[in-house]
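A.B. asks: Take a look at input.cif, mmCIF, C-alpha atoms and all ligand atoms:
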data_final
#
loop_
_atom_site.label_atom_id
_atom_site.label_comp_id
_atom_site.auth_asym_id
_atom_site.auth_seq_id
_atom_site.Cartn_x
_atom_site.Cartn_y
_atom_site.Cartn_z
CA MET B 78 92.83 38.89 66.78
CA THR B 79 95.23 41.44 65.30
CA LEU B 80 96.69 44.82 66.18
CA TYR B 81 97.45 46.76 63.00
CA ILE B 82 99.88 49.64 63.45
CA ILE B 83 99.30 51.88 60.46
CA GLY B 84 101.20 54.94 59.22
CA LEU B 85 98.95 57.73 57.89
CA GLY B 86 101.60 59.69 56.02
CA LEU B 87 102.32 63.36 56.42
CA ASN B 88 99.57 65.56 55.14
CA ASN B 89 95.90 64.60 55.05
CA GLU B 90 93.38 61.74 54.91
CA LYS B 91 94.45 60.86 51.37
CA ASP B 92 98.01 59.97 52.31
CA ILE B 93 97.02 56.58 53.68
CA THR B 94 98.24 53.60 51.65
CA LEU B 95 95.70 51.38 49.92
CA LYS B 96 96.78 48.57 52.23
CA GLY B 97 96.19 50.83 55.25
CA LEU B 98 92.74 51.83 54.02
CA GLU B 99 91.66 48.24 53.36
CA THR B 100 92.84 47.25 56.83
CA ILE B 101 90.96 50.11 58.53
CA LYS B 102 87.80 49.11 56.70
CA LYS B 103 87.93 45.61 58.15
CA SER B 104 88.83 46.79 61.68
CA ASP B 105 86.42 46.77 64.60
CA PHE B 106 88.16 49.59 66.51
CA ILE B 107 90.27 52.42 65.11
CA TYR B 108 92.47 54.48 67.40
CA LEU B 109 94.07 57.69 66.12
CA GLU B 110 97.25 58.64 67.98
CA ASN B 111 96.93 62.42 68.06
CA TYR B 112 99.81 63.82 70.10
CA THR B 113 103.16 63.16 68.36
CA SER B 114 102.37 64.94 65.08
CA SER B 115 99.51 66.53 63.18
CA LEU B 116 97.75 66.36 59.82
CA SER B 117 96.43 69.36 57.90
CA CYS B 118 92.86 67.97 57.94
CA PRO B 119 90.34 67.52 60.76
CA VAL B 120 89.55 64.07 62.19
CA LYS B 121 86.16 64.28 60.44
CA SER B 122 87.89 64.11 57.03
CA LEU B 123 89.50 60.81 58.03
CA GLU B 124 86.17 59.46 59.24
CA LYS B 125 84.44 60.52 56.03
CA LEU B 126 86.95 58.88 53.68
CA TYR B 127 87.58 55.76 55.79
CA LYS B 128 83.88 55.45 56.71
CA LYS B 129 84.85 54.60 60.28
CA LYS B 130 84.65 56.32 63.65
CA MET B 131 88.02 57.29 65.17
CA ILE B 132 88.79 56.91 68.86
CA LEU B 133 91.29 59.61 69.82
CA ALA B 134 94.30 58.18 71.60
CA ASP B 135 96.15 60.80 73.64
CA ARG B 136 99.48 60.29 75.42
CA ASN B 137 97.79 59.08 78.60
CA LEU B 138 95.77 56.43 76.77
CA VAL B 139 98.77 55.16 74.80
CA GLU B 140 101.31 55.25 77.62
CA SER B 141 99.22 54.42 80.71
CA GLU B 142 95.92 52.88 79.65
CA VAL B 143 96.93 50.89 76.59
CA GLU B 144 96.38 47.46 78.20
CA SER B 145 92.82 48.21 79.28
CA THR B 146 91.86 49.79 75.95
CA ILE B 147 93.72 49.09 72.69
CA LEU B 148 95.32 45.79 73.72
CA LYS B 149 92.22 44.51 75.53
CA ASN B 150 90.21 45.01 72.34
CA ALA B 151 92.93 43.52 70.14
CA LYS B 152 92.73 40.22 72.03
CA THR B 153 89.37 39.45 70.46
CA LYS B 154 88.90 42.00 67.64
CA ASN B 155 90.77 43.61 64.78
CA VAL B 156 92.18 46.91 66.00
CA SER B 157 93.88 49.60 63.93
CA PHE B 158 96.23 52.02 65.65
CA LEU B 159 96.87 54.98 63.34
CA VAL B 160 100.02 57.05 63.61
CA ILE B 161 100.75 60.20 61.61
CA GLY B 162 103.81 59.75 59.40
CA ASP B 163 105.44 56.37 59.82
CA PRO B 164 104.64 54.51 63.07
CA PHE B 165 108.20 53.89 64.24
CA SER B 166 109.90 56.98 62.84
CA ALA B 167 110.67 59.57 65.48
CA THR B 168 107.88 58.19 67.63
CA THR B 169 107.88 55.87 70.61
CA HIS B 170 105.46 53.20 69.53
CA VAL B 171 107.76 50.22 69.84
CA ASP B 172 106.38 49.84 73.36
CA ILE B 173 102.82 49.11 72.20
CA MET B 174 104.14 46.52 69.72
CA LEU B 175 106.21 44.77 72.40
CA ARG B 176 103.36 44.74 74.91
CA ALA B 177 101.01 43.28 72.29
CA LYS B 178 103.52 40.54 71.47
CA GLU B 179 103.90 39.72 75.19
CA LEU B 180 100.12 39.20 75.30
CA ASN B 181 100.30 36.93 72.24
CA ILE B 182 98.38 39.43 70.13
CA LYS B 183 99.29 39.25 66.46
CA VAL B 184 100.83 42.54 65.24
CA LYS B 185 101.04 43.79 61.67
CA VAL B 186 102.72 47.03 60.63
CA ILE B 187 101.76 49.09 57.59
CA ASN B 188 104.40 51.72 56.84
CA ASN B 189 104.08 55.14 55.26
CA ALA B 190 106.12 58.29 54.56
CA SER B 191 107.95 59.95 57.43
CA ILE B 192 109.40 63.40 58.05
CA LEU B 193 112.72 61.57 58.46
CA THR B 194 112.77 60.79 54.74
CA ALA B 195 110.49 63.51 53.36
CA VAL B 196 113.18 66.11 54.18
CA GLY B 197 114.88 64.73 51.08
CA ILE B 198 112.79 67.34 49.21
CA THR B 199 115.38 69.92 50.31
CA GLY B 200 117.95 68.19 48.11
CA LEU B 201 120.06 67.12 51.09
CA GLN B 202 121.24 63.53 50.87
CA LEU B 203 119.53 61.44 53.51
CA TYR B 204 122.55 59.27 54.22
CA LYS B 205 124.49 62.39 55.24
CA PHE B 206 122.17 63.19 58.17
CA GLY B 207 123.57 62.62 61.64
CA GLN B 208 121.65 62.10 64.87
CA VAL B 209 118.17 63.67 64.85
CA THR B 210 117.29 65.81 67.85
CA SER B 211 114.21 67.56 69.26
CA ILE B 212 113.82 71.06 70.65
CA PRO B 213 111.17 71.17 73.41
CA PHE B 214 108.94 74.17 74.24
CA ASP B 215 110.58 74.60 77.60
CA ASN B 216 114.19 74.79 76.44
CA LYS B 217 115.94 77.35 78.64
CA GLU B 218 118.07 74.76 80.42
CA ILE B 219 118.20 72.27 77.54
CA LYS B 220 121.58 71.67 75.92
CA THR B 221 121.17 68.33 74.09
CA PRO B 222 120.08 69.78 70.70
CA VAL B 223 123.16 72.03 70.56
CA GLU B 224 125.45 69.20 71.66
CA VAL B 225 123.99 66.95 68.95
CA LEU B 226 124.48 69.73 66.39
CA LYS B 227 128.14 70.16 67.35
CA LYS B 228 128.75 66.41 67.18
CA ASN B 229 127.14 66.18 63.73
CA GLN B 230 129.01 69.27 62.49
CA LYS B 231 132.33 67.73 63.52
CA MET B 232 131.58 64.85 61.15
CA GLY B 233 130.26 67.13 58.39
CA LEU B 234 126.74 65.70 58.82
CA HIS B 235 123.37 67.43 58.49
CA THR B 236 121.21 67.92 61.62
CA LEU B 237 117.43 67.63 61.62
CA PHE B 238 115.68 69.34 64.54
CA LEU B 239 112.13 68.17 65.26
CA LEU B 240 110.16 70.92 66.96
CA ASP B 241 107.87 70.31 69.90
CA LEU B 242 104.13 70.36 69.40
CA ASN B 243 100.87 69.99 71.26
CA PRO B 244 98.30 69.46 68.48
CA GLU B 245 95.35 69.24 70.89
CA LYS B 246 96.04 72.82 71.99
CA LYS B 247 97.25 73.85 68.53
CA GLU B 248 100.62 74.78 69.98
CA TYR B 249 103.70 74.39 67.79
CA LEU B 250 107.31 75.40 68.35
CA THR B 251 108.16 77.47 65.27
CA VAL B 252 111.26 77.61 63.08
CA SER B 253 111.89 81.13 64.32
CA GLU B 254 111.67 80.06 68.00
CA ALA B 255 114.05 77.19 67.25
CA LEU B 256 116.52 79.57 65.57
CA LYS B 257 116.35 81.93 68.57
CA TYR B 258 117.04 78.95 70.84
CA LEU B 259 120.14 78.07 68.77
CA MET B 260 121.40 81.67 68.74
CA GLY B 261 120.85 81.81 72.50
CA ASN B 262 123.20 78.85 72.70
CA ASN B 263 126.01 80.51 70.77
CA VAL B 264 125.18 79.26 67.27
CA SER B 265 126.24 82.04 64.87
CA ARG B 266 123.60 84.12 63.02
CA ASP B 267 125.62 83.42 59.86
CA THR B 268 125.12 79.63 60.08
CA LEU B 269 123.25 78.20 57.09
CA CYS B 270 119.89 76.59 57.83
CA ILE B 271 116.71 75.34 56.19
CA GLY B 272 113.31 76.06 57.72
CA CYS B 273 110.53 73.66 56.67
CA ALA B 274 106.78 73.63 57.23
CA ALA B 275 104.04 71.27 56.08
CA ILE B 276 106.33 68.99 54.10
CA GLY B 277 104.26 66.46 52.17
CA SER B 278 101.48 68.98 51.53
CA ASP B 279 100.72 70.53 48.13
CA LYS B 280 102.51 73.70 49.15
CA PRO B 281 105.29 72.96 51.60
CA GLU B 282 107.19 76.00 52.87
CA ILE B 283 110.96 75.57 52.61
CA LYS B 284 113.47 78.38 53.01
CA PHE B 285 117.25 78.22 52.91
CA GLY B 286 119.70 80.88 54.02
CA LYS B 287 121.70 82.19 56.95
CA ILE B 288 119.93 82.01 60.32
CA LYS B 289 119.60 85.82 60.34
CA ASP B 290 117.74 85.70 56.99
CA VAL B 291 115.53 82.64 57.64
CA LEU B 292 114.51 84.35 60.91
CA LYS B 293 112.75 87.00 58.83
CA VAL B 294 110.59 84.41 57.02
CA SER B 295 107.13 83.87 58.45
CA PHE B 296 106.22 80.21 58.07
CA ARG B 297 102.46 79.99 58.14
CA LYS B 298 101.91 76.23 58.15
CA TYR B 299 102.52 73.44 60.65
CA PRO B 300 104.19 71.20 61.72
CA GLN B 301 107.62 72.77 61.26
CA CYS B 302 111.16 71.47 61.44
CA LEU B 303 114.62 72.89 61.02
CA ILE B 304 117.80 71.62 59.38
CA ILE B 305 121.38 72.82 59.82
CA PRO B 306 123.29 71.39 56.86
CA GLY B 307 126.74 69.88 57.26
CA LYS B 308 129.34 69.67 54.50
CA LEU B 309 127.53 70.23 51.21
CA HIS B 310 128.03 68.42 47.91
CA PHE B 311 127.64 70.75 44.90
CA MET B 312 124.36 69.00 43.94
CA GLU B 313 122.99 69.66 47.42
CA GLU B 314 124.05 73.32 47.13
CA GLU B 315 122.33 73.59 43.77
CA ALA B 316 119.08 72.15 45.17
CA LEU B 317 119.20 74.37 48.28
CA GLU B 318 119.64 77.50 46.14
CA THR B 319 116.15 76.87 44.71
CA TYR B 320 114.82 77.55 48.23
CA SER B 321 117.04 80.56 48.92
CA THR B 322 115.59 83.43 50.99
CA SER B 323 117.13 85.79 48.45
CA SER B 324 115.35 84.28 45.42
C1 LIG B 401 107.76 63.31 66.81
S1 LIG B 401 107.83 63.60 65.10
C2 LIG B 401 106.73 62.39 64.49
C3 LIG B 401 107.19 61.88 63.20
C4 LIG B 401 106.22 61.01 62.46
N1 LIG B 401 105.97 59.74 63.12
C5 LIG B 401 106.80 60.75 61.08
O1 LIG B 401 107.12 59.60 60.76
O2 LIG B 401 106.93 61.72 60.32
C6 LIG B 401 106.91 65.07 64.89
C7 LIG B 401 107.79 66.24 64.49
O3 LIG B 401 108.31 66.06 63.18
C8 LIG B 401 108.26 67.26 62.45
N2 LIG B 401 107.29 67.09 61.36
C9 LIG B 401 106.38 66.10 61.25
N3 LIG B 401 105.67 66.23 60.10
C10 LIG B 401 106.16 67.33 59.48
C11 LIG B 401 105.85 67.97 58.25
N4 LIG B 401 104.88 67.50 57.46
N5 LIG B 401 106.56 69.08 57.91
C12 LIG B 401 107.53 69.56 58.72
N6 LIG B 401 107.87 68.99 59.88
C13 LIG B 401 107.20 67.88 60.27
C14 LIG B 401 107.81 68.37 63.39
O4 LIG B 401 108.95 68.99 63.94
C15 LIG B 401 107.02 67.56 64.41
O5 LIG B 401 107.00 68.21 65.65
#
Give the structure from this file in structure tokens form.
Ligand SMILES: C[S@@+](CC[C@H](N)C(=O)[O-])C[C@H]1O[C@@H](n2cnc3c(N)ncnc32)[C@H](O)[C@@H]1O
C.D. replies:
Amino acid sequence: MTLYIIGLGLNNEKDITLKGLETIKKSDFIYLENYTSSLSCPVKSLEKLYKKKMILADRNLVESEVESTILKNAKTKNVSFLVIGDPFSATTHVDIMLRAKELNIKVKVINNASILTAVGITGLQLYKFGQVTSIPFDNKEIKTPVEVLKKNQKMGLHTLFLLDLNPEKKEYLTVSEALKYLMGNNVSRDTLCIGCAAIGSDKPEIKFGKIKDVLKVSFRKYPQCLIIPGKLHFMEEEALETYSTSS
């Protein structure tokens, strides 16, 4: 039958598209990928609105057991695979699509909002972002995020840092930990940055200022991400000022 790969959007059960909801309703199995990002609502809220039971798909199921579970079912049934945000944005789900195609399983993708575009709320122009990079929990020896930052800065581009998470254990790398990591790698305390939390929710937390000032902000929501802006257009500056730590 068909494997539907469906984006859930960024915040809660209501961010699904109508097309996504209709597809879930006609699916025999629904897998919820629950390790690359997190929603602000419990799984029960999805089940209540979608009127379907969710099968939680952790990293092991998706990366090692996918053929004996999701793909096996999709050979004869309609299967929905739900991904928070957009399925192919900053996630690694191309693999499941390719494996399904190799097995002659029909694949349909239903897109949704992603953190990669939702950061537009800061006022930064999306086409002026350079390479996106991730800061892992265990980052003492990790240099890639700083190297990516330097490369982007050379070209005047903005840098989006995705911050590690482990939603099952409710562990999230915070904006302040990410800033400390950058300072520990010789990024100046006077560098401008934007800390973001729970973008896409009713009350996203967004703060703009120098690293030393954003460090003092306590972001209470999750997930969080961090942006170091590149060369700013005056319109971008104007938008960022609305999020200033000093206002
Ligand atoms: C691996 S990415 C997954 C992206 C997802 N597939 C999407 O399209 O948005 C997860 C990371 O993006 C960032 N992120 C995701 N949603 C966010 C949100 N609503 N607000 C702030 N940061 C977010 C966090 O740094 C999080 O650890």
A.B. asks: Please identify every residue of chain B that has at least one atom no farther than 6 Å from an atom of ligand LIG 401 (chain B), counting all atoms listed in the file, and for each give the shortest atom pair and the distance in Å to one decimal, arranged by chain then increasing number, as a Markdown table.
C.D. replies:
| residue | atom | partner | partner_atom | distance |
| --- | --- | --- | --- | --- |
| B:Leu87 | CA | B:LIG401 | N4 | 5.0 |
| B:Thr113 | CA | B:LIG401 | C1 | 4.9 |
| B:Ser114 | CA | B:LIG401 | C6 | 4.5 |
| B:Ile161 | CA | B:LIG401 | N1 | 5.5 |
| B:Gly162 | CA | B:LIG401 | C5 | 3.6 |
| B:Asp163 | CA | B:LIG401 | O1 | 3.8 |
| B:Pro164 | CA | B:LIG401 | N1 | 5.4 |
| B:Ser166 | CA | B:LIG401 | O1 | 4.3 |
| B:Ala167 | CA | B:LIG401 | C3 | 4.8 |
| B:Thr168 | CA | B:LIG401 | N1 | 5.1 |
| B:Ser191 | CA | B:LIG401 | O1 | 3.4 |
| B:Ile192 | CA | B:LIG401 | O2 | 3.8 |
| B:Leu239 | CA | B:LIG401 | O4 | 3.5 |
| B:Leu240 | CA | B:LIG401 | O4 | 3.8 |
| B:Asp241 | CA | B:LIG401 | O5 | 4.8 |
| B:Leu242 | CA | B:LIG401 | O5 | 5.2 |
| B:Cys273 | CA | B:LIG401 | C12 | 5.5 |
| B:Ala274 | CA | B:LIG401 | C12 | 4.4 |
| B:Ala275 | CA | B:LIG401 | N5 | 3.8 |
| B:Ile276 | CA | B:LIG401 | N5 | 3.8 |
| B:Gly277 | CA | B:LIG401 | N4 | 5.4 |
| B:Pro300 | CA | B:LIG401 | N6 | 4.7 |
| B:Gln301 | CA | B:LIG401 | N6 | 4.0 |
| B:Cys302 | CA | B:LIG401 | O4 | 4.2 |
A.B. asks: Once you have the residues from the selection above, write them out as a PDB file, in the coordinates of the input, restricted to C-alpha atoms.
C.D. replies:
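Output below, filename out08.pdb:
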ATOM      1  CA  LEU B  87     102.320  63.360  56.420  1.00  0.00           C
ATOM      2  CA  THR B 113     103.160  63.160  68.360  1.00  0.00           C
ATOM      3  CA  SER B 114     102.370  64.940  65.080  1.00  0.00           C
ATOM      4  CA  ILE B 161     100.750  60.200  61.610  1.00  0.00           C
ATOM      5  CA  GLY B 162     103.810  59.750  59.400  1.00  0.00           C
ATOM      6  CA  ASP B 163     105.440  56.370  59.820  1.00  0.00           C
ATOM      7  CA  PRO B 164     104.640  54.510  63.070  1.00  0.00           C
ATOM      8  CA  SER B 166     109.900  56.980  62.840  1.00  0.00           C
ATOM      9  CA  ALA B 167     110.670  59.570  65.480  1.00  0.00           C
ATOM     10  CA  THR B 168     107.880  58.190  67.630  1.00  0.00           C
ATOM     11  CA  SER B 191     107.950  59.950  57.430  1.00  0.00           C
ATOM     12  CA  ILE B 192     109.400  63.400  58.050  1.00  0.00           C
ATOM     13  CA  LEU B 239     112.130  68.170  65.260  1.00  0.00           C
ATOM     14  CA  LEU B 240     110.160  70.920  66.960  1.00  0.00           C
ATOM     15  CA  ASP B 241     107.870  70.310  69.900  1.00  0.00           C
ATOM     16  CA  LEU B 242     104.130  70.360  69.400  1.00  0.00           C
ATOM     17  CA  CYS B 273     110.530  73.660  56.670  1.00  0.00           C
ATOM     18  CA  ALA B 274     106.780  73.630  57.230  1.00  0.00           C
ATOM     19  CA  ALA B 275     104.040  71.270  56.080  1.00  0.00           C
ATOM     20  CA  ILE B 276     106.330  68.990  54.100  1.00  0.00           C
ATOM     21  CA  GLY B 277     104.260  66.460  52.170  1.00  0.00           C
ATOM     22  CA  PRO B 300     104.190  71.200  61.720  1.00  0.00           C
ATOM     23  CA  GLN B 301     107.620  72.770  61.260  1.00  0.00           C
ATOM     24  CA  CYS B 302     111.160  71.470  61.440  1.00  0.00           C
TER      25      CYS B 302
END
A.B. asks: Draw an axis-aligned box over all listed atoms of region 231-246 of chain B, pad each side with 6 Å, and write its centre and edge lengths in Å, one decimal, as lines of an AutoDock Vina configuration file.
C.D. replies:
center_x = 113.8
center_y = 68.8
center_z = 65.2
size_x = 49.0
size_y = 20.0
size_z = 25.6
A.B. asks: Measuring atom to atom with all atoms listed in the file, identify which of B:Ile305, B:Leu269, B:Leu126, B:Leu80 is nearest to Lys178 (chain B).
C.D. replies: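 Selected residue with least distance to Lys178 (chain B): B:Leu80.
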A.B. asks: Nearest to Glu110 (chain B): which of B:Asp135, B:Glu179, B:Glu218, B:Glu140 is it, counting all atoms listed in the file?
C.D. replies: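 Using all atoms listed in the file, the shortest distance to Glu110 (chain B) belongs to B:Asp135.
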A.B. asks: Work out how far apart CA of Met174 (chain B) and CA of Asn188 (chain B) are and give it in Å to one decimal.
C.D. replies: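 Interatomic distance here is 13.9 Å.
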A.B. asks: Tell me, as a compact mmCIF listing (two decimals) with C-alpha atoms, keeping the file's coordinate frame, which residues lie within 6 Å of Phe285 (chain B), counting only C-alpha atoms; anything in the same chain fewer than 4 positions away does not count.
C.D. replies:
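Dumped to out_32.txt:
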# COMPACT_ATOMS: atom_id res chain seq x y z
CA CYS B 270 119.89 76.59 57.83
CA ILE B 271 116.71 75.34 56.19
CA TYR B 320 114.82 77.55 48.23
CA SER B 321 117.04 80.56 48.92
CA THR B 322 115.59 83.43 50.99
A.B. asks: Could the residues of region 141-172 of chain B that have an atom at most 9 Å from region 93-109 of chain B be listed as a Markdown table, each with its closest atom pair and the distance in Å to one decimal, counting all atoms listed in the file and ordered by chain and ascending residue number?
C.D. replies:
| residue | atom | partner | partner_atom | distance |
| --- | --- | --- | --- | --- |
| B:Ile147 | CA | B:Tyr108 | CA | 7.7 |
| B:Asn150 | CA | B:Phe106 | CA | 7.7 |
| B:Ala151 | CA | B:Phe106 | CA | 8.5 |
| B:Lys154 | CA | B:Asp105 | CA | 6.2 |
| B:Asn155 | CA | B:Ser104 | CA | 4.8 |
| B:Val156 | CA | B:Phe106 | CA | 4.9 |
| B:Ser157 | CA | B:Ile107 | CA | 4.7 |
| B:Phe158 | CA | B:Tyr108 | CA | 4.8 |
| B:Leu159 | CA | B:Leu109 | CA | 4.8 |
| B:Val160 | CA | B:Leu109 | CA | 6.5 |
| B:Ile161 | CA | B:Leu109 | CA | 8.4 |
A.B. asks: Here is a test: counting all atoms listed in the file, which residue of B:Lys227, B:Val252, B:Arg136, B:Asp279 is nearest to Lys91 (chain B)?
C.D. replies: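 The closest residue to Lys91 (chain B) is B:Asp279.
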A.B. asks: Got a moment to write region 242-264 of chain B out with N, CA and C atoms, as an mmCIF file, in the first residue's frame?
C.D. replies:
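Saved to out-v1.cif:
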data_model
loop_
_atom_site.group_PDB
_atom_site.id
_atom_site.type_symbol
_atom_site.label_atom_id
_atom_site.label_comp_id
_atom_site.auth_asym_id
_atom_site.auth_seq_id
_atom_site.Cartn_x
_atom_site.Cartn_y
_atom_site.Cartn_z
ATOM 1 N N LEU B 242 18.949 17.513 21.646
ATOM 2 C CA LEU B 242 17.870 17.200 22.582
ATOM 3 C C LEU B 242 17.687 15.696 22.707
ATOM 4 N N ASN B 243 17.071 15.333 23.812
ATOM 5 C CA ASN B 243 16.687 13.939 24.062
ATOM 6 C C ASN B 243 15.296 13.993 24.690
ATOM 7 N N PRO B 244 14.250 14.167 23.826
ATOM 8 C CA PRO B 244 12.908 14.411 24.359
ATOM 9 C C PRO B 244 12.412 13.318 25.297
ATOM 10 N N GLU B 245 12.801 12.064 25.040
ATOM 11 C CA GLU B 245 12.346 10.977 25.918
ATOM 12 C C GLU B 245 12.760 11.211 27.368
ATOM 13 N N LYS B 246 13.973 11.751 27.524
ATOM 14 C CA LYS B 246 14.482 12.020 28.886
ATOM 15 C C LYS B 246 14.272 13.474 29.288
ATOM 16 N N LYS B 247 13.550 14.212 28.433
ATOM 17 C CA LYS B 247 13.327 15.644 28.680
ATOM 18 C C LYS B 247 14.640 16.395 28.879
ATOM 19 N N GLU B 248 15.628 16.053 28.076
ATOM 20 C CA GLU B 248 16.911 16.753 28.147
ATOM 21 C C GLU B 248 17.055 17.641 26.907
ATOM 22 N N TYR B 249 17.404 18.881 27.136
ATOM 23 C CA TYR B 249 17.551 19.840 26.036
ATOM 24 C C TYR B 249 18.811 20.674 26.255
ATOM 25 N N LEU B 250 19.620 20.826 25.236
ATOM 26 C CA LEU B 250 20.732 21.770 25.324
ATOM 27 C C LEU B 250 20.113 23.169 25.256
ATOM 28 N N THR B 251 20.501 24.039 26.175
ATOM 29 C CA THR B 251 19.846 25.355 26.240
ATOM 30 C C THR B 251 20.644 26.413 25.476
ATOM 31 N N VAL B 252 19.966 27.540 25.234
ATOM 32 C CA VAL B 252 20.636 28.679 24.582
ATOM 33 C C VAL B 252 21.856 29.072 25.410
ATOM 34 N N SER B 253 21.689 29.103 26.737
ATOM 35 C CA SER B 253 22.818 29.566 27.550
ATOM 36 C C SER B 253 23.986 28.573 27.484
ATOM 37 N N GLU B 254 23.699 27.272 27.450
ATOM 38 C CA GLU B 254 24.800 26.296 27.296
ATOM 39 C C GLU B 254 25.484 26.453 25.937
ATOM 40 N N ALA B 255 24.670 26.738 24.908
ATOM 41 C CA ALA B 255 25.244 26.913 23.568
ATOM 42 C C ALA B 255 26.138 28.154 23.531
ATOM 43 N N LEU B 256 25.698 29.231 24.208
ATOM 44 C CA LEU B 256 26.510 30.459 24.232
ATOM 45 C C LEU B 256 27.817 30.212 24.983
ATOM 46 N N LYS B 257 27.739 29.446 26.076
ATOM 47 C CA LYS B 257 28.970 29.137 26.838
ATOM 48 C C LYS B 257 29.924 28.309 25.980
ATOM 49 N N TYR B 258 29.343 27.389 25.197
ATOM 50 C CA TYR B 258 30.178 26.592 24.284
ATOM 51 C C TYR B 258 30.904 27.524 23.303
ATOM 52 N N LEU B 259 30.166 28.488 22.735
ATOM 53 C CA LEU B 259 30.784 29.397 21.748
ATOM 54 C C LEU B 259 31.879 30.241 22.408
ATOM 55 N N MET B 260 31.580 30.758 23.610
ATOM 56 C CA MET B 260 32.586 31.588 24.291
ATOM 57 C C MET B 260 33.829 30.759 24.628
ATOM 58 N N GLY B 261 33.587 29.500 24.974
ATOM 59 C CA GLY B 261 34.708 28.591 25.263
ATOM 60 C C GLY B 261 35.542 28.298 24.026
ATOM 61 N N ASN B 262 35.002 28.654 22.877
ATOM 62 C CA ASN B 262 35.731 28.451 21.622
ATOM 63 C C ASN B 262 36.076 29.791 20.976
ATOM 64 N N ASN B 263 36.354 30.743 21.857
ATOM 65 C CA ASN B 263 36.882 32.061 21.458
ATOM 66 C C ASN B 263 35.936 32.952 20.666
ATOM 67 N N VAL B 264 34.628 32.731 20.798
ATOM 68 C CA VAL B 264 33.678 33.679 20.198
ATOM 69 C C VAL B 264 33.459 34.791 21.244
#
